[in-house]
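Enquirer: My questions will all concern the structure given below.
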Amino acid sequence: MKIRLENGEEAEAKAIEGNLLTFLSPRAFAPGSPVSFAATTDSGARSFEGRAIGSKRADDAHFEVRMRFVNLRRGDRDFLAGRFGN
């Protein structure tokens, strides 16, 4: 699923497990740093916030970032889980 980071960069969400999201990003995030992004839906965009757990280089242009959501509502969790078939 494509997401847009707070600074306007595009990233790709790869997996969600409970309250954790893994995504590919053009930049790394230090552990504990805030992560904000928007995901586009049929009815508009939904905003999400979390804290980075860590990043590791995935290839020459991307980092695999793991983050933990903060204040994730049930409807938003269901929306994300539906996008990944969970």
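Note on naming: chains are A, B, ... as they come in the structure tokens, residues start from 1 per chain, ligands start from 1 in the order shown.
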Which region 31-61 of chain A residues have any atom within 10 Å of an atom of region 4-14 of chain A, and for each, what is the nearest pair of atoms with distance in Å to one decimal, counting only C-alpha atoms, rows sorted by chain and number, as JSON lines?

Expert:
{"residue": "A:Val35", "atom": "CA", "partner": "A:Glu6", "partner_atom": "CA", "distance": 7.7}
{"residue": "A:Ser36", "atom": "CA", "partner": "A:Glu6", "partner_atom": "CA", "distance": 5.3}
{"residue": "A:Phe37", "atom": "CA", "partner": "A:Leu5", "partner_atom": "CA", "distance": 4.2}
{"residue": "A:Ala38", "atom": "CA", "partner": "A:Arg4", "partner_atom": "CA", "distance": 5.3}
{"residue": "A:Ala39", "atom": "CA", "partner": "A:Arg4", "partner_atom": "CA", "distance": 6.6}
{"residue": "A:Thr40", "atom": "CA", "partner": "A:Arg4", "partner_atom": "CA", "distance": 8.6}
{"residue": "A:Ala45", "atom": "CA", "partner": "A:Arg4", "partner_atom": "CA", "distance": 9.8}
{"residue": "A:Ser47", "atom": "CA", "partner": "A:Glu6", "partner_atom": "CA", "distance": 9.4}
{"residue": "A:Phe48", "atom": "CA", "partner": "A:Leu5", "partner_atom": "CA", "distance": 9.7}
{"residue": "A:Glu49", "atom": "CA", "partner": "A:Glu6", "partner_atom": "CA", "distance": 9.7}

Enquirer: Please provide as a list of chain:residue names all residues within 6 Å of Pro31 (chain A), with the sequence filter that same-chain residues fewer than 3 positions apart are discarded (counting only C-alpha atoms).

Expert: A:Ala52, A:Ile53, A:Gly54

Enquirer: With distances taken over only C-alpha atoms, which of A:Pro26, A:Pro34, A:Gly44, A:Gly18 is nearest to Lys56 (chain A)?

Expert: A:Pro26

Enquirer: From the set A:Arg51, A:Arg83, A:Arg73, A:Arg57, which residue has the shortest atom-to-atom contact distance to Ser25 (chain A), counting only C-alpha atoms?

Expert: A:Arg57

Enquirer: Using only C-alpha atoms, which of A:Arg46, A:His62, A:Lys2, A:Arg68 sits nearest Leu21 (chain A)?

Expert: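 The closest residue to Leu21 (chain A) is A:Arg68.
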
Enquirer: Please, what distance in Å, to one decimal, runs between CA of Glu64 (chain A) and CA of Asp76 (chain A)?

Expert: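 The value is 22.1 Å.
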
Enquirer: Pick the closest to Phe29 (chain A) from A:Ile3, A:Ala15, A:Asp59, A:Arg66: which is it, counting only C-alpha atoms?

Expert: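 Closest to Phe29 (chain A) of all the choices is A:Arg66.
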
Enquirer: Looking only at strand (DSSP E or B) from DSSP on the backbone, list the matching residues of chain A as number ranges by chain.

Expert: A: 2-5, 10-17, 20-25, 34-41, 44-57, 63-69

Enquirer: I need the residues from that last selection saved to file as a compact mmCIF listing (two decimals), in the first residue's frame (with C-alpha atoms), if you can.

Expert:
# COMPACT_ATOMS: atom_id res chain seq x y z
CA LYS A 2 1.36 3.42 -0.94
CA ILE A 3 1.60 6.00 1.84
CA ARG A 4 2.73 9.63 1.91
CA LEU A 5 5.07 10.65 4.72
CA GLU A 10 6.21 8.48 -0.84
CA ALA A 11 6.75 5.17 0.93
CA GLU A 12 5.26 1.71 0.68
CA ALA A 13 3.65 -0.10 3.60
CA LYS A 14 4.61 -3.78 3.49
CA ALA A 15 3.05 -5.46 6.54
CA ILE A 16 1.02 -4.80 9.65
CA GLU A 17 1.09 -7.00 12.73
CA LEU A 20 3.34 -2.56 14.31
CA LEU A 21 3.79 -1.40 10.72
CA THR A 22 6.71 -2.19 8.41
CA PHE A 23 7.26 0.08 5.42
CA LEU A 24 9.90 0.96 2.82
CA SER A 25 11.01 4.58 3.02
CA PRO A 34 7.91 10.37 15.40
CA VAL A 35 6.48 9.01 12.15
CA SER A 36 3.42 10.63 10.53
CA PHE A 37 1.88 9.52 7.26
CA ALA A 38 -1.35 9.52 5.28
CA ALA A 39 -2.97 6.64 3.42
CA THR A 40 -5.45 7.38 0.65
CA THR A 41 -8.86 5.72 0.79
CA GLY A 44 -10.22 10.57 1.25
CA ALA A 45 -6.99 10.37 3.21
CA ARG A 46 -6.50 8.97 6.70
CA SER A 47 -3.66 10.22 8.88
CA PHE A 48 -1.63 7.99 11.18
CA GLU A 49 1.04 8.61 13.82
CA GLY A 50 3.60 6.40 15.45
CA ARG A 51 7.12 6.05 16.79
CA ALA A 52 9.94 4.39 14.90
CA ILE A 53 11.36 1.21 16.38
CA GLY A 54 14.27 1.22 13.95
CA SER A 55 15.41 1.26 10.35
CA LYS A 56 17.71 -0.88 8.26
CA ARG A 57 18.89 -0.47 4.69
CA PHE A 63 15.16 1.70 4.27
CA GLU A 64 12.90 -0.85 5.92
CA VAL A 65 11.31 0.98 8.83
CA ARG A 66 9.40 -0.61 11.70
CA MET A 67 7.08 1.61 13.71
CA ARG A 68 4.57 1.29 16.54
CA PHE A 69 1.30 3.19 16.18

Enquirer: Ranking A:Asn19, A:Arg27, A:Phe84, A:Asp60 by minimum distance to Leu72 (chain A) and counting only C-alpha atoms, which one comes first?

Expert: A:Asn19
